[in-house]
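Listing of input.pdb, PDB, C-alpha atoms (C1' of nucleotides)
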```pdb
ATOM      1  CA  MET A  15     -31.626  -0.462  11.564
ATOM      2  CA  GLN A  16     -33.672   0.800   8.657
ATOM      3  CA  ILE A  17     -30.424   2.151   7.298
ATOM      4  CA  LEU A  18     -28.757  -1.218   7.458
ATOM      5  CA  SER A  19     -31.554  -2.853   5.533
ATOM      6  CA  ALA A  20     -31.419  -0.081   2.974
ATOM      7  CA  ILE A  21     -27.768  -0.875   2.497
ATOM      8  CA  ALA A  22     -28.456  -4.552   2.115
ATOM      9  CA  ALA A  23     -31.096  -3.851  -0.510
ATOM     10  CA  GLU A  24     -28.813  -1.532  -2.438
ATOM     11  CA  PRO A  25     -27.493  -3.247  -5.559
ATOM     12  CA  GLU A  26     -23.737  -3.228  -5.342
ATOM     13  CA  GLU A  27     -22.759  -0.983  -8.219
ATOM     14  CA  SER A  28     -19.301   0.019  -9.409
ATOM     15  CA  THR A  29     -17.412  -2.073  -6.933
ATOM     16  CA  THR A  30     -14.475   0.244  -6.753
ATOM     17  CA  ALA A  31     -12.894  -1.032  -3.608
ATOM     18  CA  ILE A  32     -12.642   1.869  -1.227
ATOM     19  CA  PRO A  33      -8.977   2.109  -0.408
ATOM     20  CA  PHE A  34      -8.033   1.422   3.134
ATOM     21  CA  MET A  35      -7.297   4.566   5.056
ATOM     22  CA  PRO A  36      -5.848   4.355   8.504
ATOM     23  CA  GLU A  37      -7.703   6.752  10.760
ATOM     24  CA  LEU A  38      -8.315   6.316  14.462
ATOM     25  CA  PRO A  39     -10.440   3.127  14.355
ATOM     26  CA  GLU A  40      -8.127   1.381  11.916
ATOM     27  CA  VAL A  41      -5.026   2.335  13.860
ATOM     28  CA  GLU A  42      -6.712   1.267  17.094
ATOM     29  CA  THR A  43      -7.524  -2.085  15.533
ATOM     30  CA  ILE A  44      -4.018  -2.523  14.229
ATOM     31  CA  ALA A  45      -2.429  -1.501  17.522
ATOM     32  CA  ARG A  46      -4.584  -4.015  19.400
ATOM     33  CA  GLY A  47      -3.595  -6.724  16.973
ATOM     34  CA  LEU A  48       0.067  -5.896  17.354
ATOM     35  CA  GLN A  49      -0.278  -5.791  21.119
ATOM     36  CA  ARG A  50      -1.688  -9.320  21.024
ATOM     37  CA  GLN A  51       0.941 -10.584  18.650
ATOM     38  CA  VAL A  52       4.221  -8.986  19.595
ATOM     39  CA  ALA A  53       3.975  -7.576  23.117
ATOM     40  CA  GLY A  54       6.764  -9.085  25.176
ATOM     41  CA  GLU A  55       8.972  -9.761  22.174
ATOM     42  CA  VAL A  56      12.534  -8.512  22.017
ATOM     43  CA  ILE A  57      13.700  -6.778  18.860
ATOM     44  CA  GLU A  58      16.900  -8.508  17.833
ATOM     45  CA  SER A  59      17.896  -6.556  14.771
ATOM     46  CA  VAL A  60      16.633  -3.838  12.508
ATOM     47  CA  TRP A  61      16.933  -3.259   8.791
ATOM     48  CA  ILE A  62      16.045   0.060   7.257
ATOM     49  CA  GLY A  63      16.004   0.464   3.500
ATOM     50  CA  SER A  64      18.171   2.990   1.772
ATOM     51  CA  LYS A  65      16.635   5.384  -0.722
ATOM     52  CA  PRO A  66      14.599   8.263   0.625
ATOM     53  CA  GLU A  67      13.315   6.685   3.803
ATOM     54  CA  PRO A  68      10.049   7.635   5.411
ATOM     55  CA  LEU A  69      11.746   8.521   8.658
ATOM     56  CA  LYS A  70      11.364  11.276  11.194
ATOM     57  CA  SER A  71      14.392  10.129  13.156
ATOM     58  CA  PRO A  72      17.793   9.267  11.691
ATOM     59  CA  ALA A  73      17.967   5.630  10.600
ATOM     60  CA  ARG A  74      20.925   4.975  12.894
ATOM     61  CA  LEU A  75      19.110   6.303  15.913
ATOM     62  CA  ILE A  76      16.072   4.170  15.123
ATOM     63  CA  ALA A  77      18.175   1.052  14.763
ATOM     64  CA  ARG A  78      20.177   1.762  17.898
ATOM     65  CA  THR A  79      17.044   2.427  19.924
ATOM     66  CA  LEU A  80      15.143  -0.621  18.743
ATOM     67  CA  GLU A  81      17.851  -3.240  18.776
ATOM     68  CA  GLY A  82      17.833  -5.166  22.003
ATOM     69  CA  ALA A  83      14.705  -3.456  23.243
ATOM     70  CA  ARG A  84      11.719  -5.336  24.595
ATOM     71  CA  ILE A  85       8.266  -4.376  23.365
ATOM     72  CA  ALA A  86       6.441  -3.712  26.610
ATOM     73  CA  GLN A  87       3.231  -2.557  25.039
ATOM     74  CA  VAL A  88       1.666  -1.511  21.753
ATOM     75  CA  ARG A  89      -0.933   1.222  21.838
ATOM     76  CA  ARG A  90      -2.539   3.914  19.741
ATOM     77  CA  ALA A  91      -2.151   7.661  20.171
ATOM     78  CA  GLY A  92      -4.122   9.680  17.638
ATOM     79  CA  LYS A  93      -3.266   8.049  14.323
ATOM     80  CA  HIS A  94       0.072   6.835  15.612
ATOM     81  CA  ILE A  95       1.005   3.310  16.607
ATOM     82  CA  VAL A  96       3.219   3.530  19.669
ATOM     83  CA  PHE A  97       5.522   0.685  20.669
ATOM     84  CA  ASP A  98       6.510   1.326  24.279
ATOM     85  CA  LEU A  99       9.988  -0.107  24.671
ATOM     86  CA  GLU A 100      12.197  -1.152  27.546
ATOM     87  CA  ALA A 101      15.862  -0.996  26.720
ATOM     88  CA  LYS A 102      18.372  -1.542  29.477
ATOM     89  CA  GLY A 103      15.981  -0.199  32.050
ATOM     90  CA  ALA A 104      15.349   2.966  30.085
ATOM     91  CA  ALA A 105      12.043   3.676  28.430
ATOM     92  CA  ALA A 106      11.738   4.572  24.786
ATOM     93  CA  GLN A 107       9.052   4.637  22.137
ATOM     94  CA  TRP A 108       8.906   3.559  18.542
ATOM     95  CA  ILE A 109       6.269   5.654  16.878
ATOM     96  CA  VAL A 110       4.767   4.623  13.563
ATOM     97  CA  HIS A 111       2.455   6.726  11.455
ATOM     98  CA  LEU A 112       0.891   4.801   8.589
ATOM     99  CA  GLY A 113       0.091   7.811   6.451
ATOM    100  CA  MET A 114      -2.355   6.708   3.796
ATOM    101  CA  THR A 115      -0.963   3.460   2.574
ATOM    102  CA  GLY A 116       1.356   2.298   5.328
ATOM    103  CA  ARG A 117       1.102  -1.156   6.881
ATOM    104  CA  MET A 118       2.847  -2.771   9.794
ATOM    105  CA  LEU A 119       2.826  -6.480   9.160
ATOM    106  CA  VAL A 120       3.789  -9.424  11.313
ATOM    107  CA  ALA A 121       5.521 -11.850   8.975
ATOM    108  CA  GLN A 122       7.471 -15.077   9.111
ATOM    109  CA  ASN A 123      11.061 -14.598   8.079
ATOM    110  CA  GLN A 124      10.649 -16.843   5.049
ATOM    111  CA  ASP A 125       7.708 -14.788   3.756
ATOM    112  CA  GLU A 126       8.386 -12.914   0.581
ATOM    113  CA  ILE A 127       9.393  -9.299   1.077
ATOM    114  CA  ALA A 128       6.637  -7.126  -0.297
ATOM    115  CA  LYS A 129       7.401  -4.304  -2.652
ATOM    116  CA  HIS A 130       7.847  -0.975  -0.858
ATOM    117  CA  THR A 131       9.085  -2.579   2.339
ATOM    118  CA  HIS A 132      11.071   0.163   4.068
ATOM    119  CA  ALA A 133      11.930  -1.362   7.423
ATOM    120  CA  ILE A 134      12.109  -4.765   9.082
ATOM    121  CA  ALA A 135      12.502  -5.521  12.763
ATOM    122  CA  THR A 136      13.427  -9.106  13.514
ATOM    123  CA  LEU A 137      11.958 -10.420  16.748
ATOM    124  CA  GLY A 138      13.240 -12.959  19.216
ATOM    125  CA  SER A 139      10.668 -15.482  18.012
ATOM    126  CA  GLY A 140      12.073 -15.245  14.509
ATOM    127  CA  ARG A 141       9.067 -13.407  13.220
ATOM    128  CA  GLU A 142       9.418  -9.964  11.725
ATOM    129  CA  LEU A 143       7.655  -6.634  11.945
ATOM    130  CA  ARG A 144       7.634  -5.177   8.454
ATOM    131  CA  PHE A 145       6.804  -1.623   7.551
ATOM    132  CA  VAL A 146       5.449  -1.405   4.029
ATOM    133  CA  ASP A 147       4.301   1.846   2.461
ATOM    134  CA  PRO A 148       3.976   2.403  -1.297
ATOM    135  CA  ARG A 149       3.144   6.061  -1.101
ATOM    136  CA  ARG A 150       5.666   6.898   1.577
ATOM    137  CA  PHE A 151       3.380   9.156   3.540
ATOM    138  CA  GLY A 152       4.022   7.063   6.615
ATOM    139  CA  ARG A 153       6.706   7.919   9.133
ATOM    140  CA  LEU A 154       8.908   6.070  11.580
ATOM    141  CA  GLU A 155      10.270   7.811  14.635
ATOM    142  CA  VAL A 156      11.829   6.993  17.974
ATOM    143  CA  ARG A 157      11.719   8.958  21.197
ATOM    144  CA  THR A 158      13.607   8.486  24.389
ATOM    145  CA  ALA A 159      13.141  11.733  26.247
ATOM    146  CA  GLN A 160       9.476  11.961  27.007
ATOM    147  CA  LYS A 161       6.540   9.634  26.705
ATOM    148  CA  PHE A 162       4.854  10.176  23.402
ATOM    149  CA  GLU A 163       1.339  11.496  23.342
ATOM    150  CA  ALA A 164      -0.549  12.791  20.344
ATOM    151  CA  PRO A 165      -0.854  16.576  20.383
ATOM    152  CA  GLY A 166      -4.637  16.768  20.141
ATOM    153  CA  GLN A 167      -7.434  15.529  22.353
ATOM    154  CA  GLU A 168      -8.452  11.892  22.091
ATOM    155  CA  PRO A 169     -11.957  12.001  20.589
ATOM    156  CA  LEU A 170     -13.162   9.051  22.651
ATOM    157  CA  LYS A 171     -11.863  10.463  25.927
ATOM    158  CA  VAL A 172     -12.425  14.193  25.636
ATOM    159  CA  THR A 173     -15.280  15.708  27.631
ATOM    160  CA  LEU A 174     -18.084  17.576  25.904
ATOM    161  CA  GLU A 175     -16.895  20.748  27.596
ATOM    162  CA  THR A 176     -13.367  20.502  26.240
ATOM    163  CA  PHE A 177     -14.635  19.342  22.868
ATOM    164  CA  ALA A 178     -16.834  22.412  22.496
ATOM    165  CA  GLN A 179     -13.990  24.694  23.536
ATOM    166  CA  LEU A 180     -11.775  23.378  20.742
ATOM    167  CA  PHE A 181     -13.952  25.091  18.154
ATOM    168  CA  HIS A 182     -14.442  28.373  19.939
ATOM    169  CA  GLY A 183     -13.114  31.303  17.931
ATOM    170  CA  ARG A 184     -12.046  29.090  15.036
ATOM    171  CA  LYS A 185     -12.712  30.867  11.769
ATOM    172  CA  MET A 186     -12.259  27.790   9.665
ATOM    173  CA  PRO A 187     -14.775  25.330   8.297
ATOM    174  CA  ILE A 188     -15.875  22.823  10.918
ATOM    175  CA  LYS A 189     -14.608  20.114   8.570
ATOM    176  CA  SER A 190     -11.099  21.571   8.669
ATOM    177  CA  ALA A 191     -11.236  21.853  12.441
ATOM    178  CA  LEU A 192     -12.174  18.176  12.735
ATOM    179  CA  LEU A 193      -9.210  17.261  10.570
ATOM    180  CA  ASN A 194      -6.782  19.395  12.570
ATOM    181  CA  GLN A 195      -4.788  16.888  14.600
ATOM    182  CA  LYS A 196      -3.724  19.529  17.090
ATOM    183  CA  LEU A 197      -7.345  19.872  18.119
ATOM    184  CA  LEU A 198      -8.604  16.299  17.876
ATOM    185  CA  ALA A 199      -6.197  13.453  17.269
ATOM    186  CA  GLY A 200      -7.248  10.669  14.975
ATOM    187  CA  ILE A 201     -10.060  11.954  12.780
ATOM    188  CA  GLY A 202      -9.401  11.839   9.049
ATOM    189  CA  ASN A 203     -11.429  12.642   5.979
ATOM    190  CA  ILE A 204     -13.780   9.674   6.174
ATOM    191  CA  TYR A 205     -14.859  10.052   9.777
ATOM    192  CA  ALA A 206     -15.027  13.833   9.541
ATOM    193  CA  ASP A 207     -17.585  13.560   6.749
ATOM    194  CA  GLU A 208     -19.477  10.749   8.424
ATOM    195  CA  SER A 209     -19.624  12.562  11.763
ATOM    196  CA  LEU A 210     -20.841  15.822  10.223
ATOM    197  CA  PHE A 211     -23.540  13.942   8.353
ATOM    198  CA  ARG A 212     -24.798  12.253  11.484
ATOM    199  CA  ALA A 213     -24.726  15.549  13.346
ATOM    200  CA  GLY A 214     -26.588  17.337  10.558
ATOM    201  CA  ILE A 215     -23.922  19.997  10.084
ATOM    202  CA  ARG A 216     -22.626  21.141   6.710
ATOM    203  CA  PRO A 217     -18.865  20.773   6.402
ATOM    204  CA  ARG A 218     -18.342  24.365   5.285
ATOM    205  CA  ARG A 219     -19.957  25.931   8.337
ATOM    206  CA  LEU A 220     -17.409  27.979  10.268
ATOM    207  CA  ALA A 221     -16.447  26.201  13.447
ATOM    208  CA  ASP A 222     -17.071  29.336  15.459
ATOM    209  CA  ARG A 223     -20.639  29.566  14.215
ATOM    210  CA  VAL A 224     -21.698  26.051  15.065
ATOM    211  CA  THR A 225     -24.176  26.246  17.922
ATOM    212  CA  ARG A 226     -23.722  24.604  21.257
ATOM    213  CA  ALA A 227     -26.544  22.166  20.534
ATOM    214  CA  GLU A 228     -24.961  21.230  17.234
ATOM    215  CA  LEU A 229     -21.592  20.730  18.888
ATOM    216  CA  HIS A 230     -23.258  18.391  21.322
ATOM    217  CA  ARG A 231     -24.664  16.401  18.419
ATOM    218  CA  LEU A 232     -21.268  16.435  16.742
ATOM    219  CA  TYR A 233     -19.611  15.201  19.918
ATOM    220  CA  ASP A 234     -22.047  12.307  20.100
ATOM    221  CA  ALA A 235     -21.698  11.605  16.380
ATOM    222  CA  VAL A 236     -17.908  11.486  16.485
ATOM    223  CA  GLN A 237     -17.922   9.040  19.365
ATOM    224  CA  GLN A 238     -20.612   6.896  17.769
ATOM    225  CA  VAL A 239     -18.925   6.715  14.395
ATOM    226  CA  LEU A 240     -15.525   5.919  15.829
ATOM    227  CA  SER A 241     -16.849   3.355  18.296
ATOM    228  CA  GLU A 242     -18.861   1.563  15.643
ATOM    229  CA  ALA A 243     -15.873   1.425  13.344
ATOM    230  CA  ILE A 244     -13.644   0.063  16.074
ATOM    231  CA  ALA A 245     -16.237  -2.557  16.901
ATOM    232  CA  ALA A 246     -16.465  -3.530  13.232
ATOM    233  CA  GLY A 247     -12.721  -3.730  12.809
ATOM    234  CA  GLY A 248     -12.145  -5.655  15.963
ATOM    235  CA  SER A 249     -13.426  -8.873  14.514
ATOM    236  CA  SER A 250     -10.715  -9.198  11.915
ATOM    237  CA  ILE A 251      -7.647  -7.851  13.653
ATOM    238  CA  SER A 252      -5.449 -10.871  13.211
ATOM    239  CA  ASP A 253      -6.369 -11.169   9.554
ATOM    240  CA  TYR A 254      -5.149  -7.698   8.940
ATOM    241  CA  VAL A 255      -1.916  -7.934  10.828
ATOM    242  CA  ASN A 256      -0.931 -11.154   9.153
ATOM    243  CA  ALA A 257      -2.355 -10.644   5.740
ATOM    244  CA  GLU A 258      -1.083  -8.710   2.826
ATOM    245  CA  GLY A 259      -4.151  -6.581   2.420
ATOM    246  CA  ALA A 260      -6.600  -4.803   4.602
ATOM    247  CA  GLU A 261      -9.671  -6.431   3.131
ATOM    248  CA  GLY A 262     -12.218  -7.138   5.779
ATOM    249  CA  LEU A 263     -10.655  -4.857   8.303
ATOM    250  CA  PHE A 264     -13.236  -2.160   8.082
ATOM    251  CA  GLN A 265     -16.612  -3.092   6.738
ATOM    252  CA  VAL A 266     -18.738  -0.293   8.105
ATOM    253  CA  GLN A 267     -20.883   1.243   5.406
ATOM    254  CA  HIS A 268     -20.207   4.907   4.839
ATOM    255  CA  ARG A 269     -23.304   7.076   4.612
ATOM    256  CA  VAL A 270     -21.772   9.942   2.655
ATOM    257  CA  TYR A 271     -18.065   9.357   2.112
ATOM    258  CA  ARG A 272     -17.403   8.636  -1.554
ATOM    259  CA  ARG A 273     -21.111   8.454  -2.279
ATOM    260  CA  GLU A 274     -21.349  11.525  -4.513
ATOM    261  CA  GLY A 275     -24.461  11.404  -6.677
ATOM    262  CA  GLU A 276     -25.904   8.460  -4.809
ATOM    263  CA  PRO A 277     -29.092   8.832  -2.787
ATOM    264  CA  CYS A 278     -28.872   9.899   0.830
ATOM    265  CA  LEU A 279     -29.726   6.888   2.965
ATOM    266  CA  VAL A 280     -31.993   9.049   5.102
ATOM    267  CA  CYS A 281     -33.814  11.373   2.689
ATOM    268  CA  GLY A 282     -32.923  10.172  -0.801
ATOM    269  CA  SER A 283     -31.356  13.439  -1.985
ATOM    270  CA  LYS A 284     -28.225  13.158  -4.032
ATOM    271  CA  ILE A 285     -25.081  13.268  -1.957
ATOM    272  CA  ARG A 286     -22.904  16.198  -2.923
ATOM    273  CA  ARG A 287     -19.169  16.566  -3.031
ATOM    274  CA  THR A 288     -17.230  19.779  -2.600
ATOM    275  CA  VAL A 289     -13.586  20.459  -1.951
ATOM    276  CA  ILE A 290     -12.780  22.042   1.377
ATOM    277  CA  ALA A 291      -9.194  22.821   2.250
ATOM    278  CA  GLY A 292      -8.100  20.572  -0.566
ATOM    279  CA  ARG A 293     -10.090  17.628   0.696
ATOM    280  CA  SER A 294     -13.115  15.960  -0.829
ATOM    281  CA  SER A 295     -16.103  16.564   1.389
ATOM    282  CA  HIS A 296     -19.313  14.629   1.057
ATOM    283  CA  TRP A 297     -22.628  15.803   2.434
ATOM    284  CA  CYS A 298     -26.392  15.887   2.082
ATOM    285  CA  ALA A 299     -27.863  19.324   1.435
ATOM    286  CA  LYS A 300     -31.196  18.353   2.939
ATOM    287  CA  CYS A 301     -30.001  16.571   6.061
ATOM    288  CA  GLN A 302     -27.154  18.946   6.878
ATOM    289  CA  LYS A 303     -27.615  22.628   7.669
TER     290      LYS A 303
ATOM    291  C1'  DA B   7      -1.315  34.072  15.999
ATOM    292  C1'  DC B   8      -4.124  32.032  12.572
ATOM    293  C1'  DT B   9      -5.578  30.330   8.446
ATOM    294  C1'  DA B  10      -4.967  28.866   3.600
ATOM    295  C1'  DT B  11      -2.359  26.668   0.145
ATOM    296  C1'  DT B  12       1.252  23.759  -1.647
ATOM    297  C1'  DT B  13       4.058  19.708  -1.583
ATOM    298  C1'  DC B  14       5.281  15.081  -1.037
ATOM    299  C1'  DC B  15       4.352  10.098  -3.229
ATOM    300  C1'  DT B  16       2.527   5.976  -6.113
ATOM    301  C1'  DG B  17      -1.075   3.124  -8.008
ATOM    302  C1'  DG B  18      -5.287   2.808 -10.046
ATOM    303  C1'  DA B  19      -8.794   4.821 -12.972
ATOM    304  C1'  DT B  20      -9.815   7.466 -16.832
ATOM    305  C1'  DG B  21      -9.235   9.791 -21.382
ATOM    306  C1'  DC B  22      -7.727  10.099 -26.047
TER     307       DC B  22
ATOM    308  C1'  DT C  21      -2.488  -0.856 -26.669
ATOM    309  C1'  DG C  22      -0.128   2.698 -24.765
ATOM    310  C1'  DC C  23       0.796   6.844 -22.801
ATOM    311  C1'  DA C  24      -0.564  11.092 -20.336
ATOM    312  C1'  DT C  25      -3.352  13.013 -16.826
ATOM    313  C1'  DC C  26      -5.939  13.126 -12.727
ATOM    314  C1'  DC C  27      -7.101  11.803  -8.163
ATOM    315  C1'  DA C  28      -6.716   9.893  -3.441
ATOM    316  C1'  DG C  29      -5.080  12.427   1.438
ATOM    317  C1'  DG C  30      -2.041  13.275   6.328
ATOM    318  C1'  DA C  31       0.854  16.465   7.767
ATOM    319  C1'  DA C  32       4.841  19.348   7.221
ATOM    320  C1'  DA C  33       6.312  23.361   4.906
ATOM    321  C1'  DT C  34       5.346  27.606   2.941
ATOM    322  C1'  DA C  35       2.628  31.703   1.981
ATOM    323  C1'  DG C  36      -0.491  35.170   3.164
TER     324       DG C  36
END
```

Give the structure from this file in C-alpha cells form.
Amino acid sequence: MQILSAIAAEPEESTTAIPFMPELPEVETIARGLQRQVAGEVIESVWIGSKPEPLKSPARLIARTLEGARIAQVRRAGKHIVFDLEAKGAAAQWIVHLGMTGRMLVAQNQDEIAKHTHAIATLGSGRELRFVDPRRFGRLEVRTAQKFEAPGQEPLKVTLETFAQLFHGRKMPIKSALLNQKLLAGIGNIYADESLFRAGIRPRRLADRVTRAELHRLYDAVQQVLSEAIAAGGSSISDYVNAEGAEGLFQVQHRVYRREGEPCLVCGSKIRRTVIAGRSSHWCAKCQK
DNA sequence: ACTATTTCCTGGATGC
DNA sequence: TGCATCCAGGAAATAG
C-alpha cells in the first residue's frame, strides 16, 4: 500500500510509453476476451497474406483446418492463445503466439485493414479475427494430432515442489531459467525481473545456488506478480480486443522493469540494469542478494 | 546433455 | 531536416 502511494506521488517523468509485451497475464487477458467474443463462432473463410508469413504451419494447411471449423473454446497455454476447434467431428487447434508486437483483433468487416495484417479469419457473424504483427515475431500454427499444451509448467498451477525441482542442477542465471519456456511457460522479461525483485534474488545468481527458502519466496512472488497483472488486465479486456492499441490493458506499475537509475520503491537505491543472456535485467543491489 | 550466443524483424528514440 | 545507428525481446537456430 505504501508502495502504491509512492507511485502516485511520483511525478510522471519521461512518459515513454512502455511498449505492450504479451507475457502470461496479457495473453490470459486476451484469451479471455476472445473466449467471450468469438467462442461458438464458425470460421467461414481465411485469408493469409503473401510475403514472408509468420507461420509455423503451411498457409494451406492453416486455411484448410480453420475453414468451416467451429471455435469451441479460446484459452491460454503459456504465452500461446489456443483456439480449440471442432471440424467435422474432429478436434483441432489454432495456436497463436503474439511474439512481441502481435495482436489478435476482433474487427467488423468494414473496418480498415491495419498495416502489417498477416491473416484474417471471417466469422459466421460477419466479424473478423485479424492477426496483426509489425515485427513478425508472432507465429500462427495449427495442430490436429494431439491437444496442444505448452511445454513448460504453468506458473499458476505448478506446485512448490515441482517449481523448486525445475531449478535443481541448472548452471544458468536464475533469470535465464525463469525465461526458459521449457521450464516455466509464460514468464517473459518483465515478470522475470519483477518476480526476482519481490523475492529479493539477484538475476545473475545461478539457479542451482538459490536456496530452498529463496525459491519459496520466488514461487510466491511469481504467482503474486502474475495474479495481480491478470487482475489489472481483466478490467479492460474488451477494450483491448476491439481497439487498435493495447493502452489500458496492463496498468500495473513495474517496480524495477525499465526503471534504471530511478529510486527503488522500497529502499531508494538506484535501480540497476545489466544484460543477462542478451536481455535487459533490472534490479536493486540493496534489496536483492 | 547443457548452456551461451546469434538471428530474425520493425518502429521509435537518439545522435550527429 | 534527414539519415544512420541503436534498442526492444521470444524463441528457433547455431555454436561451443

query = How many Å separate C1' of DT34 in chain C from CA of Met114 in chain A?
reply =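 Straight-line distance from C1' of DT34 in chain C to CA of Met114 in chain A works out to 22.3 Å.
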
task = Would you give me, as a list in words, the residues of chain A that come within 9 Å of chain B, using only C-alpha atoms (C1' of nucleotides)?
result = Pro148, Arg149, Arg150, Phe151, Arg184, Lys185, Met186, Ala291 and Gly292 of chain A

query = Mind telling me what the PyMOL selection byres ((chain C) within 9 of (chain A)) catches here, as number ranges by chain?
reply = C: 28-31

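Computed from the coordinates, the CA of Leu119 in chain A to CA of Pro68 in chain A distance equals 16.3 Å.
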
Using all atoms listed in the file, what residues lie at most 6 Å away from (-8.8, 13.1, 19.6) (file coordinates), given as an mmCIF file with C-alpha atoms, in the coordinates of the input?
```cif
data_model
loop_
_atom_site.group_PDB
_atom_site.id
_atom_site.type_symbol
_atom_site.label_atom_id
_atom_site.label_comp_id
_atom_site.auth_asym_id
_atom_site.auth_seq_id
_atom_site.Cartn_x
_atom_site.Cartn_y
_atom_site.Cartn_z
ATOM 1 C CA GLY A 166 -4.637 16.768 20.141
ATOM 2 C CA GLN A 167 -7.434 15.529 22.353
ATOM 3 C CA GLU A 168 -8.452 11.892 22.091
ATOM 4 C CA PRO A 169 -11.957 12.001 20.589
ATOM 5 C CA LEU A 198 -8.604 16.299 17.876
ATOM 6 C CA ALA A 199 -6.197 13.453 17.269
ATOM 7 C CA GLY A 200 -7.248 10.669 14.975
#
```

Residues matched by the PyMOL selection byres ((chain A and resi 135) around 7) as an MDAnalysis selection string = chainID A and resid 57 59:61 133:134 136:137 142:144

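A straight line drawn from CA of Val236 in chain A to CA of Glu155 in chain A is 28.5 Å long.
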
request  = Please return, as a ChimeraX atom specification, all polymer residues that have at least one atom within 12 Å of the point (12.3, 11.4, 24.5); use all atoms listed in the file and the file's own coordinate frame.
outcome  = /A:71,79,98-99,104-109,155-163

request  = Could you expand the PyMOL selection byres ((chain A and resi 217-227) around 7) into the explicit residues it covers here, written as a ChimeraX atom specification?
outcome  = /A:181-189,191,210,215-216,228-231
